[in-house]
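*Asks:* Contents of entry-v3.txt (compact mmCIF, N, CA, C and O atoms) are below:
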```txt
# COMPACT_ATOMS: atom_id res chain seq x y z
N MET A 17 0.85 -1.17 0.00
CA MET A 17 0.00 0.00 0.00
C MET A 17 0.89 1.24 0.00
O MET A 17 1.88 1.29 0.72
N LYS A 18 0.54 2.20 -0.81
CA LYS A 18 1.26 3.47 -0.89
C LYS A 18 0.40 4.56 -0.26
O LYS A 18 -0.76 4.75 -0.63
N ILE A 19 0.96 5.27 0.71
CA ILE A 19 0.28 6.38 1.37
C ILE A 19 1.09 7.64 1.14
O ILE A 19 2.31 7.64 1.32
N SER A 20 0.41 8.71 0.76
CA SER A 20 1.04 10.01 0.58
C SER A 20 0.45 10.99 1.59
O SER A 20 -0.76 11.02 1.79
N VAL A 21 1.32 11.75 2.23
CA VAL A 21 0.89 12.75 3.22
C VAL A 21 1.23 14.13 2.67
O VAL A 21 2.40 14.46 2.50
N ILE A 22 0.20 14.91 2.37
CA ILE A 22 0.39 16.28 1.92
C ILE A 22 0.44 17.17 3.16
O ILE A 22 -0.41 17.07 4.04
N GLY A 23 1.44 18.02 3.23
CA GLY A 23 1.62 18.86 4.41
C GLY A 23 2.49 18.17 5.45
O GLY A 23 2.40 18.45 6.64
N ALA A 24 3.33 17.25 5.00
CA ALA A 24 4.15 16.45 5.92
C ALA A 24 5.27 17.26 6.57
O ALA A 24 5.93 16.76 7.47
N GLY A 25 5.48 18.50 6.14
CA GLY A 25 6.48 19.35 6.76
C GLY A 25 5.95 20.11 7.96
O GLY A 25 6.69 20.79 8.66
N GLY A 26 4.67 19.98 8.23
CA GLY A 26 4.06 20.65 9.37
C GLY A 26 3.95 19.74 10.58
O GLY A 26 4.30 18.56 10.53
N SER A 27 3.45 20.29 11.66
CA SER A 27 3.35 19.54 12.91
C SER A 27 2.45 18.32 12.81
O SER A 27 2.81 17.23 13.25
N ILE A 28 1.28 18.47 12.24
CA ILE A 28 0.32 17.36 12.15
C ILE A 28 0.75 16.35 11.09
O ILE A 28 0.75 15.14 11.32
N GLY A 29 1.16 16.83 9.92
CA GLY A 29 1.57 15.94 8.85
C GLY A 29 2.81 15.12 9.20
O GLY A 29 2.90 13.94 8.84
N SER A 30 3.75 15.72 9.90
CA SER A 30 4.96 14.98 10.27
C SER A 30 4.64 13.91 11.32
O SER A 30 5.18 12.80 11.26
N GLU A 31 3.75 14.22 12.24
CA GLU A 31 3.34 13.22 13.24
C GLU A 31 2.55 12.09 12.60
O GLU A 31 2.73 10.92 12.95
N ALA A 32 1.69 12.43 11.65
CA ALA A 32 0.94 11.38 10.93
C ALA A 32 1.90 10.48 10.17
O ALA A 32 1.77 9.25 10.21
N SER A 33 2.88 11.06 9.51
CA SER A 33 3.87 10.29 8.77
C SER A 33 4.66 9.38 9.70
O SER A 33 4.90 8.21 9.38
N PHE A 34 5.06 9.90 10.84
CA PHE A 34 5.80 9.11 11.81
C PHE A 34 4.99 7.90 12.26
O PHE A 34 5.50 6.76 12.29
N ASN A 35 3.73 8.11 12.57
CA ASN A 35 2.88 7.01 13.04
C ASN A 35 2.61 5.98 11.94
O ASN A 35 2.56 4.78 12.22
N ILE A 36 2.45 6.44 10.73
CA ILE A 36 2.26 5.50 9.61
C ILE A 36 3.51 4.63 9.47
O ILE A 36 3.41 3.42 9.29
N ALA A 37 4.68 5.24 9.59
CA ALA A 37 5.93 4.50 9.43
C ALA A 37 6.16 3.51 10.56
O ALA A 37 6.47 2.34 10.32
N ILE A 38 6.01 3.94 11.81
CA ILE A 38 6.35 3.05 12.93
C ILE A 38 5.36 1.90 13.09
O ILE A 38 5.70 0.88 13.67
N HIS A 39 4.15 2.07 12.57
CA HIS A 39 3.16 1.00 12.67
C HIS A 39 3.11 0.14 11.41
O HIS A 39 2.24 -0.71 11.29
N ASN A 40 4.05 0.35 10.49
CA ASN A 40 4.13 -0.44 9.25
C ASN A 40 2.79 -0.53 8.53
O ASN A 40 2.40 -1.59 8.05
N ILE A 41 2.11 0.58 8.43
CA ILE A 41 0.81 0.63 7.76
C ILE A 41 0.98 0.61 6.25
O ILE A 41 0.13 0.07 5.54
N ALA A 42 2.07 1.15 5.75
CA ALA A 42 2.28 1.28 4.30
C ALA A 42 3.58 0.62 3.88
O ALA A 42 4.52 0.50 4.66
N ASP A 43 3.61 0.19 2.62
CA ASP A 43 4.86 -0.28 2.03
C ASP A 43 5.71 0.91 1.59
O ASP A 43 6.93 0.86 1.63
N GLU A 44 5.02 1.98 1.15
CA GLU A 44 5.69 3.19 0.69
C GLU A 44 4.98 4.40 1.27
O GLU A 44 3.76 4.49 1.23
N LEU A 45 5.76 5.33 1.80
CA LEU A 45 5.24 6.56 2.38
C LEU A 45 5.89 7.73 1.66
O LEU A 45 7.12 7.87 1.66
N VAL A 46 5.07 8.55 1.01
CA VAL A 46 5.55 9.73 0.30
C VAL A 46 5.14 10.96 1.10
O VAL A 46 3.95 11.17 1.35
N MET A 47 6.12 11.75 1.48
CA MET A 47 5.87 12.96 2.27
C MET A 47 6.00 14.16 1.33
O MET A 47 7.01 14.32 0.65
N ILE A 48 4.96 15.01 1.31
CA ILE A 48 4.91 16.15 0.39
C ILE A 48 4.61 17.42 1.18
O ILE A 48 3.76 17.43 2.07
N ASP A 49 5.32 18.49 0.84
CA ASP A 49 5.02 19.80 1.42
C ASP A 49 5.69 20.88 0.59
O ASP A 49 6.91 20.98 0.56
N ASN A 50 4.90 21.68 -0.12
CA ASN A 50 5.44 22.75 -0.95
C ASN A 50 5.80 23.99 -0.16
O ASN A 50 6.61 24.80 -0.60
N TYR A 51 5.22 24.17 1.04
CA TYR A 51 5.45 25.38 1.81
C TYR A 51 6.70 25.29 2.67
O TYR A 51 7.29 26.30 3.02
N SER A 52 7.10 24.08 3.04
CA SER A 52 8.28 23.89 3.89
C SER A 52 9.18 22.80 3.34
O SER A 52 9.40 21.79 4.00
N PRO A 53 9.72 22.97 2.13
CA PRO A 53 10.50 21.88 1.53
C PRO A 53 11.77 21.54 2.31
O PRO A 53 12.15 20.37 2.39
N ASP A 54 12.42 22.53 2.91
CA ASP A 54 13.63 22.25 3.68
C ASP A 54 13.29 21.47 4.95
O ASP A 54 13.97 20.52 5.31
N ARG A 55 12.24 21.88 5.62
CA ARG A 55 11.80 21.17 6.83
C ARG A 55 11.36 19.75 6.48
O ARG A 55 11.63 18.82 7.21
N LEU A 56 10.68 19.61 5.34
CA LEU A 56 10.24 18.29 4.90
C LEU A 56 11.43 17.36 4.71
O LEU A 56 11.40 16.21 5.15
N GLU A 57 12.47 17.83 4.07
CA GLU A 57 13.68 17.01 3.87
C GLU A 57 14.27 16.59 5.22
O GLU A 57 14.72 15.46 5.39
N GLN A 58 14.29 17.50 6.19
CA GLN A 58 14.81 17.19 7.51
C GLN A 58 13.95 16.13 8.20
O GLN A 58 14.48 15.17 8.78
N TYR A 59 12.62 16.28 8.14
CA TYR A 59 11.72 15.30 8.76
C TYR A 59 11.88 13.93 8.10
O TYR A 59 11.90 12.91 8.78
N CYS A 60 11.98 13.92 6.79
CA CYS A 60 12.12 12.67 6.05
C CYS A 60 13.43 11.97 6.43
O CYS A 60 13.45 10.76 6.69
N THR A 61 14.51 12.72 6.49
CA THR A 61 15.81 12.16 6.87
C THR A 61 15.77 11.65 8.30
O THR A 61 16.26 10.55 8.59
N ASP A 62 15.18 12.42 9.20
CA ASP A 62 15.06 12.00 10.60
C ASP A 62 14.26 10.70 10.71
O ASP A 62 14.64 9.80 11.45
N LEU A 63 13.16 10.63 9.98
CA LEU A 63 12.30 9.45 10.04
C LEU A 63 13.04 8.22 9.52
O LEU A 63 13.00 7.16 10.15
N LYS A 64 13.73 8.36 8.41
CA LYS A 64 14.45 7.22 7.84
C LYS A 64 15.58 6.76 8.75
O LYS A 64 15.86 5.57 8.84
N SER A 65 16.23 7.67 9.45
CA SER A 65 17.37 7.29 10.28
C SER A 65 16.97 6.88 11.70
O SER A 65 17.67 6.09 12.33
N SER A 66 15.85 7.37 12.19
CA SER A 66 15.47 7.05 13.57
C SER A 66 14.65 5.77 13.68
O SER A 66 14.64 5.13 14.73
N VAL A 67 13.97 5.39 12.63
CA VAL A 67 13.14 4.19 12.66
C VAL A 67 13.72 3.22 11.63
O VAL A 67 13.23 3.08 10.53
N THR A 68 14.78 2.54 12.01
CA THR A 68 15.51 1.71 11.05
C THR A 68 14.97 0.29 10.92
O THR A 68 15.33 -0.42 10.01
N ASN A 69 14.09 -0.12 11.82
CA ASN A 69 13.59 -1.49 11.77
C ASN A 69 12.24 -1.60 11.06
O ASN A 69 11.52 -2.57 11.26
N ILE A 70 11.92 -0.64 10.23
CA ILE A 70 10.65 -0.68 9.51
C ILE A 70 10.87 -1.11 8.06
O ILE A 70 11.96 -0.96 7.53
N ASP A 71 9.84 -1.66 7.47
CA ASP A 71 9.90 -2.07 6.07
C ASP A 71 9.35 -0.99 5.13
O ASP A 71 9.36 -1.18 3.93
N THR A 72 8.85 0.08 5.68
CA THR A 72 8.25 1.15 4.88
C THR A 72 9.33 1.96 4.18
O THR A 72 10.27 2.43 4.81
N ARG A 73 9.18 2.14 2.86
CA ARG A 73 10.07 3.02 2.10
C ARG A 73 9.55 4.45 2.28
O ARG A 73 8.41 4.75 1.95
N VAL A 74 10.39 5.32 2.78
CA VAL A 74 10.00 6.70 3.06
C VAL A 74 10.75 7.62 2.12
O VAL A 74 11.96 7.48 1.94
N LYS A 75 10.02 8.57 1.50
CA LYS A 75 10.70 9.54 0.64
C LYS A 75 9.96 10.86 0.65
O LYS A 75 8.75 10.91 0.83
N ALA A 76 10.73 11.92 0.47
CA ALA A 76 10.16 13.25 0.26
C ALA A 76 9.83 13.35 -1.22
O ALA A 76 10.65 12.96 -2.06
N GLY A 77 8.65 13.82 -1.55
CA GLY A 77 8.25 13.86 -2.94
C GLY A 77 7.57 15.16 -3.33
O GLY A 77 7.50 16.11 -2.55
N LYS A 78 7.07 15.15 -4.55
CA LYS A 78 6.31 16.26 -5.12
C LYS A 78 4.93 15.74 -5.52
O LYS A 78 4.67 14.53 -5.44
N TYR A 79 4.07 16.62 -5.99
CA TYR A 79 2.71 16.21 -6.31
C TYR A 79 2.62 15.12 -7.37
O TYR A 79 1.73 14.29 -7.31
N HIS A 80 3.58 15.06 -8.29
CA HIS A 80 3.53 13.99 -9.30
C HIS A 80 3.77 12.61 -8.67
O HIS A 80 3.43 11.60 -9.26
N ASP A 81 4.34 12.58 -7.45
CA ASP A 81 4.56 11.32 -6.75
C ASP A 81 3.29 10.77 -6.11
O ASP A 81 3.30 9.65 -5.58
N LEU A 82 2.20 11.54 -6.16
CA LEU A 82 0.92 11.06 -5.63
C LEU A 82 0.31 9.96 -6.49
O LEU A 82 -0.54 9.21 -6.03
N GLN A 83 0.78 9.85 -7.71
CA GLN A 83 0.24 8.87 -8.63
C GLN A 83 0.31 7.47 -8.02
O GLN A 83 1.30 7.09 -7.42
N ASP A 84 -0.76 6.73 -8.17
CA ASP A 84 -0.89 5.36 -7.66
C ASP A 84 -0.95 5.27 -6.14
O ASP A 84 -0.77 4.18 -5.60
N SER A 85 -1.17 6.38 -5.44
CA SER A 85 -1.32 6.30 -3.99
C SER A 85 -2.66 5.66 -3.66
O SER A 85 -3.68 5.94 -4.30
N ASP A 86 -2.65 4.81 -2.65
CA ASP A 86 -3.89 4.20 -2.18
C ASP A 86 -4.62 5.15 -1.23
O ASP A 86 -5.85 5.16 -1.18
N ILE A 87 -3.84 5.90 -0.47
CA ILE A 87 -4.43 6.87 0.47
C ILE A 87 -3.62 8.14 0.38
O ILE A 87 -2.42 8.13 0.34
```
Starting from the file, lay out its structure as C-alpha cells.
*Replies:*
Amino acid sequence: MKISVIGAGGSIGSEASFNIAIHNIADELVMIDNYSPDRLEQYCTDLKSSVTNIDTRVKAGKYHDLQDSDI
C-alpha cells in the first residue's frame, strides 16, 4: 500500500507520517510539502534514520509522486 501525506512538513503531517511508518501501515510513504521543503527534507531524513527497523520506504516527494497512492 502506498500512502502520501500532503503537508508532511508541518506539525500534524509529520506526526501522521511518523505514526504511519512506525506502525508499518504502508509499504511506501511519500511525504509532500510545498510550503516547507527544507523542513520536509529534515523530517524525512530523521524518520528514515530514527526508525531503522521498519519495512516502509520513506521519501520526500512532489505532487507527481501522488500517482498510484492508495491513500
*Asks:* Tell me which of A:Glu44, A:Tyr59, A:Ala37, A:Ala24 sits closest to Asp86 of chain A, counting only C-alpha atoms.
*Replies:*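 Counting only C-alpha atoms, the residue closest to Asp86 of chain A is A:Glu44.
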*Asks:* Do you know which residues are at most 6 Å from Met47 of chain A counting all atoms listed in the file, after dropping those on the same chain fewer than 4 positions away, and could you put them as a list in words?
*Replies:*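 Counting all atoms listed in the file, the residues come to Ile19, Ser20, Val21, Ile22, Ala24, Lys75, Ala76, Gly77 and Lys78 of chain A.
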*Asks:* Considering all atoms listed in the file, state which residue in the set A:Met17, A:Leu56, A:His39, A:Ile48 is at the smallest distance from Arg73 of chain A.
*Replies:* A:Met17
*Asks:* I'd like to know which residues of chain A are helix (DSSP H, G or I) (by DSSP, run on the backbone); could you write them as a PyMOL selection string?
*Replies:* chain A and resi 27-38+53-66+79-82
*Asks:* Separation of atom CA of Ile38 of chain A and atom N of Tyr51 of chain A, in Å?
*Replies:* 24.3 Å
*Asks:* Which of these residues is nearest to Asp84 of chain A, using only C-alpha atoms: A:Cys60, A:Gly25, A:Val46, A:Glu31?
*Replies:*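 So, comparing all the options, the nearest one is A:Val46.
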*Asks:* So which residues of chain A fall under strand (DSSP E or B) by DSSP, listed as a list in words?
*Replies:* Lys18, Ile19, Ser20, Val21, Ile22, Glu44, Leu45, Val46, Met47, Ile48, Arg73, Val74, Lys75, Ala76 and Gly77 of chain A
*Asks:* Given 6 Å of margin on each side, can you work out the centre and size in Å (one decimal) of an axis-aligned box holding every listed atom of segment 43-55 of chain A, as lines of an AutoDock Vina configuration file?
*Replies:*
```
center_x = 8.8
center_y = 13.0
center_z = 3.1
size_x = 22.4
size_y = 38.6
size_z = 20.2
```
*Asks:* What is the distance between atom O of Asn69 of chain A and atom N of Ser27 of chain A, in Å to one decimal?
*Replies:*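 Atom-to-atom, atom O of Asn69 of chain A and atom N of Ser27 of chain A are spaced 24.2 Å apart.
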*Asks:* If you measure from atom O of Asp62 of chain A to atom C of Asn50 of chain A, what distance in Å do you get, rounded to one decimal?
*Replies:*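 Calculated distance between atom O of Asp62 of chain A and atom C of Asn50 of chain A is 20.4 Å.
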